[in-house]
Amino acid sequence: MNQSDTLVHLFAGGCGGTVGAILTCPLEVVKTRLQSSSVTLYISEVQLNTMTGASVNRVARVSPGPLHCLKMILEKEGSRSLFRGLGPNLVGVAPSRAIYFAAYSNCKEKMNSVFDPDSTQVHMISAAMAGIYCTFLP
């Protein structure tokens, strides 16, 4: 593999990681809010009438779901708040994915000469080596 192929794989990995991080950032924000929130909604479950006509409410405790959380974020903070923390995420994800793509491609080329070309063993070993590179290089 020549140097231009490696640069193409680096660029493709960086772009793929960037797009993936941008698309999943709103989901990460909602997930983080749900994990860190101790808010519990109180929803009226049943309304019972007494003999005098007064009503008594039985209340159930319900945790807010992801769609409710998303709606509240959009209403109170605006759409920009769905992308909080994107910058630091991109700083980590883009280089990591770039290194992974380039390492996987290089390992796959070398393993194709050792094992049957494009076999399961080639893909497994290449993926493992690329994972190891990503762990120790960045």
# chains A, B, ... in the order shown; residues from 1 in each chain; ligands from 1
>>> residues_around(residues="segment 99-114 of chain A", least_positions_apart="2", cutoff="12 Å", atoms="only C-alpha atoms", output="mmCIF file with all heavy atoms, in the first residue's frame")
data_model
loop_
_atom_site.group_PDB
_atom_site.id
_atom_site.type_symbol
_atom_site.label_atom_id
_atom_site.label_comp_id
_atom_site.auth_asym_id
_atom_site.auth_seq_id
_atom_site.Cartn_x
_atom_site.Cartn_y
_atom_site.Cartn_z
ATOM 1 N N MET A 1 0.849 -1.171 0.000
ATOM 2 C CA MET A 1 0.000 0.000 0.000
ATOM 3 C C MET A 1 0.894 1.233 0.000
ATOM 4 O O MET A 1 1.803 1.346 0.796
ATOM 5 C CB MET A 1 -0.889 -0.029 1.247
ATOM 6 C CG MET A 1 -1.770 1.179 1.354
ATOM 7 S SD MET A 1 -2.890 1.098 2.755
ATOM 8 C CE MET A 1 -4.086 -0.025 2.118
ATOM 9 N N ASN A 2 0.605 2.153 -0.902
ATOM 10 C CA ASN A 2 1.443 3.352 -0.969
ATOM 11 C C ASN A 2 0.915 4.426 -0.016
ATOM 12 O O ASN A 2 -0.129 4.278 0.609
ATOM 13 C CB ASN A 2 1.535 3.868 -2.411
ATOM 14 C CG ASN A 2 0.175 4.212 -2.995
ATOM 15 O OD1 ASN A 2 -0.751 4.510 -2.266
ATOM 16 N ND2 ASN A 2 0.075 4.167 -4.304
ATOM 17 N N GLN A 3 1.677 5.497 0.062
ATOM 18 C CA GLN A 3 1.367 6.537 1.032
ATOM 19 C C GLN A 3 0.044 7.244 0.719
ATOM 20 O O GLN A 3 -0.692 7.619 1.629
ATOM 21 C CB GLN A 3 2.503 7.560 1.085
ATOM 22 C CG GLN A 3 2.330 8.566 2.199
ATOM 23 C CD GLN A 3 3.536 9.466 2.338
ATOM 24 O OE1 GLN A 3 4.475 9.364 1.567
ATOM 25 N NE2 GLN A 3 3.504 10.349 3.311
ATOM 26 N N SER A 4 -0.293 7.397 -0.558
ATOM 27 C CA SER A 4 -1.550 8.078 -0.890
ATOM 28 C C SER A 4 -2.765 7.246 -0.456
ATOM 29 O O SER A 4 -3.780 7.800 -0.032
ATOM 30 C CB SER A 4 -1.621 8.387 -2.387
ATOM 31 O OG SER A 4 -1.702 7.200 -3.141
ATOM 32 N N ASP A 5 -2.655 5.908 -0.538
ATOM 33 C CA ASP A 5 -3.752 5.058 -0.056
ATOM 34 C C ASP A 5 -3.925 5.203 1.454
ATOM 35 O O ASP A 5 -5.059 5.254 1.954
ATOM 36 C CB ASP A 5 -3.498 3.583 -0.396
ATOM 37 C CG ASP A 5 -3.671 3.279 -1.866
ATOM 38 O OD1 ASP A 5 -4.301 4.086 -2.579
ATOM 39 O OD2 ASP A 5 -3.162 2.227 -2.301
ATOM 40 N N THR A 6 -2.834 5.276 2.165
ATOM 41 C CA THR A 6 -2.899 5.450 3.615
ATOM 42 C C THR A 6 -3.545 6.790 3.959
ATOM 43 O O THR A 6 -4.385 6.858 4.871
ATOM 44 C CB THR A 6 -1.491 5.368 4.231
ATOM 45 O OG1 THR A 6 -0.925 4.103 3.906
ATOM 46 C CG2 THR A 6 -1.529 5.542 5.738
ATOM 47 N N LEU A 7 -3.188 7.848 3.239
ATOM 48 C CA LEU A 7 -3.784 9.161 3.487
ATOM 49 C C LEU A 7 -5.282 9.158 3.186
ATOM 50 O O LEU A 7 -6.065 9.787 3.915
ATOM 51 C CB LEU A 7 -3.075 10.235 2.658
ATOM 52 C CG LEU A 7 -1.642 10.545 3.067
ATOM 53 C CD1 LEU A 7 -1.003 11.544 2.108
ATOM 54 C CD2 LEU A 7 -1.593 11.071 4.495
ATOM 55 N N VAL A 8 -5.687 8.440 2.139
ATOM 56 C CA VAL A 8 -7.110 8.338 1.816
ATOM 57 C C VAL A 8 -7.856 7.646 2.955
ATOM 58 O O VAL A 8 -8.940 8.089 3.367
ATOM 59 C CB VAL A 8 -7.317 7.592 0.472
ATOM 60 C CG1 VAL A 8 -8.769 7.187 0.283
ATOM 61 C CG2 VAL A 8 -6.847 8.443 -0.685
ATOM 62 N N HIS A 9 -7.279 6.573 3.481
ATOM 63 C CA HIS A 9 -7.924 5.863 4.588
ATOM 64 C C HIS A 9 -7.946 6.708 5.862
ATOM 65 O O HIS A 9 -8.928 6.663 6.619
ATOM 66 C CB HIS A 9 -7.239 4.520 4.846
ATOM 67 C CG HIS A 9 -7.501 3.516 3.784
ATOM 68 N ND1 HIS A 9 -8.717 2.893 3.637
ATOM 69 C CD2 HIS A 9 -6.717 3.034 2.793
ATOM 70 C CE1 HIS A 9 -8.676 2.059 2.617
ATOM 71 N NE2 HIS A 9 -7.461 2.137 2.083
ATOM 72 N N LEU A 10 -6.890 7.458 6.113
ATOM 73 C CA LEU A 10 -6.878 8.374 7.256
ATOM 74 C C LEU A 10 -7.991 9.412 7.127
ATOM 75 O O LEU A 10 -8.743 9.667 8.072
ATOM 76 C CB LEU A 10 -5.529 9.084 7.365
ATOM 77 C CG LEU A 10 -4.402 8.334 8.049
ATOM 78 C CD1 LEU A 10 -3.081 9.058 7.836
ATOM 79 C CD2 LEU A 10 -4.679 8.178 9.527
ATOM 80 N N PHE A 11 -8.102 9.993 5.945
ATOM 81 C CA PHE A 11 -9.122 11.017 5.694
ATOM 82 C C PHE A 11 -10.529 10.431 5.806
ATOM 83 O O PHE A 11 -11.407 11.010 6.443
ATOM 84 C CB PHE A 11 -8.909 11.653 4.318
ATOM 85 C CG PHE A 11 -9.893 12.737 3.999
ATOM 86 C CD1 PHE A 11 -9.805 13.971 4.617
ATOM 87 C CD2 PHE A 11 -10.915 12.513 3.085
ATOM 88 C CE1 PHE A 11 -10.725 14.972 4.334
ATOM 89 C CE2 PHE A 11 -11.831 13.508 2.800
ATOM 90 C CZ PHE A 11 -11.739 14.744 3.421
ATOM 91 N N ALA A 12 -10.741 9.270 5.205
ATOM 92 C CA ALA A 12 -12.062 8.630 5.247
ATOM 93 C C ALA A 12 -12.450 8.274 6.681
ATOM 94 O O ALA A 12 -13.601 8.468 7.090
ATOM 95 C CB ALA A 12 -12.067 7.380 4.373
ATOM 96 N N GLY A 13 -11.508 7.750 7.442
ATOM 97 C CA GLY A 13 -11.794 7.417 8.834
ATOM 98 C C GLY A 13 -12.120 8.638 9.666
ATOM 99 O O GLY A 13 -13.045 8.623 10.487
ATOM 100 N N GLY A 14 -11.356 9.710 9.455
ATOM 101 C CA GLY A 14 -11.624 10.954 10.176
ATOM 102 C C GLY A 14 -12.987 11.528 9.835
ATOM 103 O O GLY A 14 -13.735 11.959 10.718
ATOM 104 N N CYS A 15 -13.331 11.513 8.548
ATOM 105 C CA CYS A 15 -14.641 12.026 8.114
ATOM 106 C C CYS A 15 -15.773 11.153 8.659
ATOM 107 O O CYS A 15 -16.784 11.666 9.133
ATOM 108 C CB CYS A 15 -14.722 12.085 6.593
ATOM 109 S SG CYS A 15 -13.716 13.381 5.873
ATOM 110 N N GLY A 16 -15.599 9.843 8.580
ATOM 111 C CA GLY A 16 -16.625 8.939 9.090
ATOM 112 C C GLY A 16 -16.837 9.105 10.583
ATOM 113 O O GLY A 16 -17.975 9.130 11.064
ATOM 114 N N GLY A 17 -15.752 9.229 11.328
ATOM 115 C CA GLY A 17 -15.860 9.438 12.768
ATOM 116 C C GLY A 17 -16.526 10.760 13.106
ATOM 117 O O GLY A 17 -17.329 10.840 14.038
ATOM 118 N N GLY A 92 -11.502 13.667 20.113
ATOM 119 C CA GLY A 92 -11.131 12.284 20.388
ATOM 120 C C GLY A 92 -11.518 11.304 19.302
ATOM 121 O O GLY A 92 -10.765 10.396 18.962
ATOM 122 N N VAL A 93 -12.715 11.483 18.734
ATOM 123 C CA VAL A 93 -13.252 10.495 17.794
ATOM 124 C C VAL A 93 -12.585 10.574 16.425
ATOM 125 O O VAL A 93 -12.227 9.535 15.849
ATOM 126 C CB VAL A 93 -14.784 10.661 17.658
ATOM 127 C CG1 VAL A 93 -15.323 9.855 16.498
ATOM 128 C CG2 VAL A 93 -15.461 10.235 18.945
ATOM 129 N N ALA A 94 -12.425 11.753 15.874
ATOM 130 C CA ALA A 94 -11.898 11.882 14.505
ATOM 131 C C ALA A 94 -10.505 11.253 14.366
ATOM 132 O O ALA A 94 -10.288 10.432 13.466
ATOM 133 C CB ALA A 94 -11.910 13.341 14.074
ATOM 134 N N PRO A 95 -9.534 11.584 15.219
ATOM 135 C CA PRO A 95 -8.219 10.958 15.064
ATOM 136 C C PRO A 95 -8.252 9.447 15.330
ATOM 137 O O PRO A 95 -7.565 8.683 14.654
ATOM 138 C CB PRO A 95 -7.342 11.648 16.104
ATOM 139 C CG PRO A 95 -8.076 12.827 16.558
ATOM 140 C CD PRO A 95 -9.505 12.618 16.253
ATOM 141 N N SER A 96 -9.053 9.034 16.286
ATOM 142 C CA SER A 96 -9.131 7.613 16.606
ATOM 143 C C SER A 96 -9.672 6.805 15.423
ATOM 144 O O SER A 96 -9.127 5.761 15.071
ATOM 145 C CB SER A 96 -10.019 7.421 17.836
ATOM 146 O OG SER A 96 -10.193 6.059 18.101
ATOM 147 N N ARG A 97 -10.738 7.279 14.822
ATOM 148 C CA ARG A 97 -11.318 6.587 13.657
ATOM 149 C C ARG A 97 -10.366 6.640 12.458
ATOM 150 O O ARG A 97 -10.261 5.681 11.697
ATOM 151 C CB ARG A 97 -12.653 7.201 13.253
ATOM 152 C CG ARG A 97 -13.751 6.982 14.263
ATOM 153 C CD ARG A 97 -14.247 5.556 14.300
ATOM 154 N NE ARG A 97 -13.555 4.782 15.309
ATOM 155 C CZ ARG A 97 -13.539 3.467 15.395
ATOM 156 N NH1 ARG A 97 -14.175 2.737 14.548
ATOM 157 N NH2 ARG A 97 -12.865 2.859 16.335
ATOM 158 N N ASP A 116 -5.523 -16.861 3.616
ATOM 159 C CA ASP A 116 -6.341 -16.768 2.407
ATOM 160 C C ASP A 116 -6.819 -15.330 2.268
ATOM 161 O O ASP A 116 -7.338 -14.754 3.228
ATOM 162 C CB ASP A 116 -7.557 -17.693 2.506
ATOM 163 C CG ASP A 116 -7.170 -19.161 2.470
ATOM 164 O OD1 ASP A 116 -6.133 -19.477 1.859
ATOM 165 O OD2 ASP A 116 -7.914 -19.976 3.052
ATOM 166 N N PRO A 117 -6.676 -14.735 1.089
ATOM 167 C CA PRO A 117 -7.079 -13.331 0.910
ATOM 168 C C PRO A 117 -8.550 -13.095 1.278
ATOM 169 O O PRO A 117 -9.425 -13.871 0.922
ATOM 170 C CB PRO A 117 -6.842 -13.065 -0.575
ATOM 171 C CG PRO A 117 -5.810 -14.065 -0.966
ATOM 172 C CD PRO A 117 -6.075 -15.279 -0.127
ATOM 173 N N ASP A 118 -8.780 -12.050 2.011
ATOM 174 C CA ASP A 118 -10.110 -11.609 2.454
ATOM 175 C C ASP A 118 -10.892 -12.685 3.204
ATOM 176 O O ASP A 118 -12.114 -12.741 3.137
ATOM 177 C CB ASP A 118 -10.933 -11.081 1.274
ATOM 178 C CG ASP A 118 -10.422 -9.739 0.788
ATOM 179 O OD1 ASP A 118 -9.893 -8.976 1.616
ATOM 180 O OD2 ASP A 118 -10.536 -9.470 -0.416
ATOM 181 N N SER A 119 -10.185 -13.531 3.928
ATOM 182 C CA SER A 119 -10.851 -14.553 4.734
ATOM 183 C C SER A 119 -11.278 -13.954 6.069
ATOM 184 O O SER A 119 -10.917 -12.832 6.423
ATOM 185 C CB SER A 119 -9.919 -15.745 4.963
ATOM 186 O OG SER A 119 -8.824 -15.355 5.764
ATOM 187 N N THR A 120 -12.023 -14.723 6.827
ATOM 188 C CA THR A 120 -12.466 -14.281 8.145
ATOM 189 C C THR A 120 -11.272 -14.018 9.055
ATOM 190 O O THR A 120 -11.265 -13.045 9.822
ATOM 191 C CB THR A 120 -13.382 -15.347 8.780
ATOM 192 O OG1 THR A 120 -14.473 -15.590 7.897
ATOM 193 C CG2 THR A 120 -13.909 -14.907 10.113
ATOM 194 N N GLN A 121 -10.241 -14.862 8.951
ATOM 195 C CA GLN A 121 -9.045 -14.680 9.777
ATOM 196 C C GLN A 121 -8.381 -13.346 9.480
ATOM 197 O O GLN A 121 -7.933 -12.652 10.396
ATOM 198 C CB GLN A 121 -8.060 -15.807 9.520
ATOM 199 C CG GLN A 121 -8.543 -17.157 9.995
ATOM 200 C CD GLN A 121 -7.676 -18.285 9.454
ATOM 201 O OE1 GLN A 121 -7.130 -18.187 8.353
ATOM 202 N NE2 GLN A 121 -7.548 -19.347 10.242
ATOM 203 N N VAL A 122 -8.307 -12.994 8.214
ATOM 204 C CA VAL A 122 -7.680 -11.721 7.820
ATOM 205 C C VAL A 122 -8.441 -10.552 8.442
ATOM 206 O O VAL A 122 -7.838 -9.639 9.024
ATOM 207 C CB VAL A 122 -7.626 -11.590 6.278
ATOM 208 C CG1 VAL A 122 -7.235 -10.182 5.869
ATOM 209 C CG2 VAL A 122 -6.666 -12.603 5.691
ATOM 210 N N HIS A 123 -9.766 -10.578 8.357
ATOM 211 C CA HIS A 123 -10.568 -9.474 8.890
ATOM 212 C C HIS A 123 -10.487 -9.409 10.415
ATOM 213 O O HIS A 123 -10.379 -8.314 10.987
ATOM 214 C CB HIS A 123 -12.021 -9.609 8.432
ATOM 215 C CG HIS A 123 -12.206 -9.381 6.968
ATOM 216 N ND1 HIS A 123 -12.065 -8.150 6.380
ATOM 217 C CD2 HIS A 123 -12.500 -10.240 5.965
ATOM 218 C CE1 HIS A 123 -12.268 -8.243 5.084
ATOM 219 N NE2 HIS A 123 -12.534 -9.515 4.795
ATOM 220 N N MET A 124 -10.510 -10.567 11.062
ATOM 221 C CA MET A 124 -10.455 -10.594 12.534
ATOM 222 C C MET A 124 -9.111 -10.078 13.048
ATOM 223 O O MET A 124 -9.061 -9.260 13.969
ATOM 224 C CB MET A 124 -10.701 -12.014 13.049
ATOM 225 C CG MET A 124 -12.058 -12.570 12.709
ATOM 226 S SD MET A 124 -13.318 -12.148 13.863
ATOM 227 C CE MET A 124 -12.801 -13.010 15.297
ATOM 228 N N ILE A 125 -8.038 -10.555 12.458
ATOM 229 C CA ILE A 125 -6.702 -10.132 12.907
ATOM 230 C C ILE A 125 -6.480 -8.655 12.599
ATOM 231 O O ILE A 125 -5.939 -7.915 13.437
ATOM 232 C CB ILE A 125 -5.616 -11.016 12.259
ATOM 233 C CG1 ILE A 125 -5.726 -12.444 12.809
ATOM 234 C CG2 ILE A 125 -4.224 -10.441 12.505
ATOM 235 C CD1 ILE A 125 -4.867 -13.455 12.073
ATOM 236 N N SER A 126 -6.914 -8.224 11.423
ATOM 237 C CA SER A 126 -6.752 -6.812 11.054
ATOM 238 C C SER A 126 -7.533 -5.902 11.997
ATOM 239 O O SER A 126 -7.036 -4.859 12.420
ATOM 240 C CB SER A 126 -7.210 -6.584 9.615
ATOM 241 O OG SER A 126 -6.436 -7.338 8.724
ATOM 242 N N ALA A 127 -8.755 -6.294 12.330
ATOM 243 C CA ALA A 127 -9.572 -5.492 13.248
ATOM 244 C C ALA A 127 -8.947 -5.454 14.640
ATOM 245 O O ALA A 127 -8.922 -4.400 15.292
ATOM 246 C CB ALA A 127 -10.986 -6.052 13.313
ATOM 247 N N ALA A 128 -8.439 -6.592 15.096
ATOM 248 C CA ALA A 128 -7.795 -6.635 16.418
ATOM 249 C C ALA A 128 -6.549 -5.749 16.443
ATOM 250 O O ALA A 128 -6.338 -4.988 17.401
ATOM 251 C CB ALA A 128 -7.430 -8.072 16.778
ATOM 252 N N MET A 129 -5.744 -5.833 15.419
ATOM 253 C CA MET A 129 -4.532 -5.007 15.368
ATOM 254 C C MET A 129 -4.875 -3.521 15.285
ATOM 255 O O MET A 129 -4.233 -2.694 15.947
ATOM 256 C CB MET A 129 -3.657 -5.419 14.172
ATOM 257 C CG MET A 129 -3.055 -6.801 14.300
ATOM 258 S SD MET A 129 -2.059 -7.027 15.786
ATOM 259 C CE MET A 129 -0.716 -5.923 15.461
ATOM 260 N N ALA A 130 -5.888 -3.185 14.501
ATOM 261 C CA ALA A 130 -6.296 -1.782 14.396
ATOM 262 C C ALA A 130 -6.799 -1.283 15.753
ATOM 263 O O ALA A 130 -6.512 -0.149 16.144
ATOM 264 C CB ALA A 130 -7.369 -1.637 13.337
ATOM 265 N N GLY A 131 -7.528 -2.114 16.476
ATOM 266 C CA GLY A 131 -7.981 -1.753 17.809
ATOM 267 C C GLY A 131 -6.845 -1.520 18.773
ATOM 268 O O GLY A 131 -6.848 -0.603 19.584
ATOM 269 N N ILE A 132 -5.823 -2.372 18.678
ATOM 270 C CA ILE A 132 -4.629 -2.211 19.527
ATOM 271 C C ILE A 132 -3.902 -0.923 19.179
ATOM 272 O O ILE A 132 -3.492 -0.165 20.072
ATOM 273 C CB ILE A 132 -3.705 -3.437 19.384
ATOM 274 C CG1 ILE A 132 -4.372 -4.657 20.030
ATOM 275 C CG2 ILE A 132 -2.340 -3.163 20.008
ATOM 276 C CD1 ILE A 132 -3.684 -5.968 19.734
ATOM 277 N N TYR A 133 -3.760 -0.625 17.887
ATOM 278 C CA TYR A 133 -3.118 0.633 17.484
ATOM 279 C C TYR A 133 -3.883 1.828 18.053
ATOM 280 O O TYR A 133 -3.280 2.776 18.539
ATOM 281 C CB TYR A 133 -3.056 0.757 15.962
ATOM 282 C CG TYR A 133 -2.127 -0.196 15.273
ATOM 283 C CD1 TYR A 133 -2.326 -0.541 13.942
ATOM 284 C CD2 TYR A 133 -1.033 -0.768 15.923
ATOM 285 C CE1 TYR A 133 -1.477 -1.420 13.287
ATOM 286 C CE2 TYR A 133 -0.191 -1.639 15.279
ATOM 287 C CZ TYR A 133 -0.409 -1.968 13.961
ATOM 288 O OH TYR A 133 0.424 -2.833 13.316
ATOM 289 N N CYS A 134 -5.212 1.790 17.951
ATOM 290 C CA CYS A 134 -6.018 2.916 18.451
ATOM 291 C C CYS A 134 -5.915 3.080 19.956
ATOM 292 O O CYS A 134 -6.037 4.187 20.473
ATOM 293 C CB CYS A 134 -7.487 2.724 18.060
ATOM 294 S SG CYS A 134 -7.794 3.064 16.341
ATOM 295 N N THR A 135 -5.693 1.993 20.642
ATOM 296 C CA THR A 135 -5.574 2.062 22.093
ATOM 297 C C THR A 135 -4.270 2.716 22.515
ATOM 298 O O THR A 135 -4.223 3.506 23.457
ATOM 299 C CB THR A 135 -5.662 0.649 22.698
ATOM 300 O OG1 THR A 135 -6.912 0.070 22.335
ATOM 301 C CG2 THR A 135 -5.537 0.687 24.210
ATOM 302 N N PHE A 136 -3.188 2.409 21.806
ATOM 303 C CA PHE A 136 -1.873 2.878 22.250
ATOM 304 C C PHE A 136 -1.357 4.121 21.537
ATOM 305 O O PHE A 136 -0.539 4.834 22.095
ATOM 306 C CB PHE A 136 -0.849 1.743 22.115
ATOM 307 C CG PHE A 136 -1.099 0.627 23.073
ATOM 308 C CD1 PHE A 136 -1.565 -0.606 22.619
ATOM 309 C CD2 PHE A 136 -0.951 0.800 24.431
ATOM 310 C CE1 PHE A 136 -1.818 -1.629 23.509
ATOM 311 C CE2 PHE A 136 -1.198 -0.212 25.336
ATOM 312 C CZ PHE A 136 -1.636 -1.442 24.874
ATOM 313 N N LEU A 137 -1.809 4.401 20.323
ATOM 314 C CA LEU A 137 -1.286 5.569 19.601
ATOM 315 C C LEU A 137 -1.846 6.904 20.048
ATOM 316 O O LEU A 137 -1.093 7.826 20.291
ATOM 317 C CB LEU A 137 -1.469 5.399 18.097
ATOM 318 C CG LEU A 137 -0.456 4.473 17.427
ATOM 319 C CD1 LEU A 137 -0.701 4.422 15.923
ATOM 320 C CD2 LEU A 137 0.965 4.911 17.678
ATOM 321 N N PRO A 138 -3.179 7.101 20.125
ATOM 322 C CA PRO A 138 -3.661 8.443 20.498
ATOM 323 C C PRO A 138 -3.369 8.698 21.916
ATOM 324 O O PRO A 138 -2.884 9.375 22.547
ATOM 325 C CB PRO A 138 -5.155 8.393 20.284
ATOM 326 C CG PRO A 138 -5.443 7.200 19.497
ATOM 327 C CD PRO A 138 -4.281 6.276 19.685
#
>>> residues_around(residues="segment 70-81 of chain A", least_positions_apart="4", cutoff="9 Å", atoms="only C-alpha atoms", output="list in words")
Pro26, Leu27, Val29, Val30, Gly65 and Pro66 of chain A
>>> write_last_selection(atoms="C-alpha atoms", output="compact mmCIF listing (two decimals), in the first residue's frame")
# COMPACT_ATOMS: atom_id res chain seq x y z
CA PRO A 26 -28.17 14.63 20.40
CA LEU A 27 -28.73 11.05 21.54
CA VAL A 29 -27.04 14.53 25.37
CA VAL A 30 -30.47 12.99 26.03
CA GLY A 65 -38.64 8.95 28.83
CA PRO A 66 -36.18 9.93 26.09
>>> atom_distance(atom1="atom CA of Leu67 of chain A", atom2="atom CA of Val91 of chain A")
28.3 Å
>>> atom_distance(atom1="atom CA of Asn89 of chain A", atom2="atom CA of Leu23 of chain A")
11.9 Å
>>> residues_around(residues="Leu86 of chain A", least_positions_apart="3", cutoff="8 Å", atoms="only C-alpha atoms", output="MDAnalysis selection string")
chainID A and resid 21:22 25 83 89:90
>>> atom_distance(atom1="atom CA of Ala98 of chain A", atom2="atom CA of Leu82 of chain A")
25.0 Å
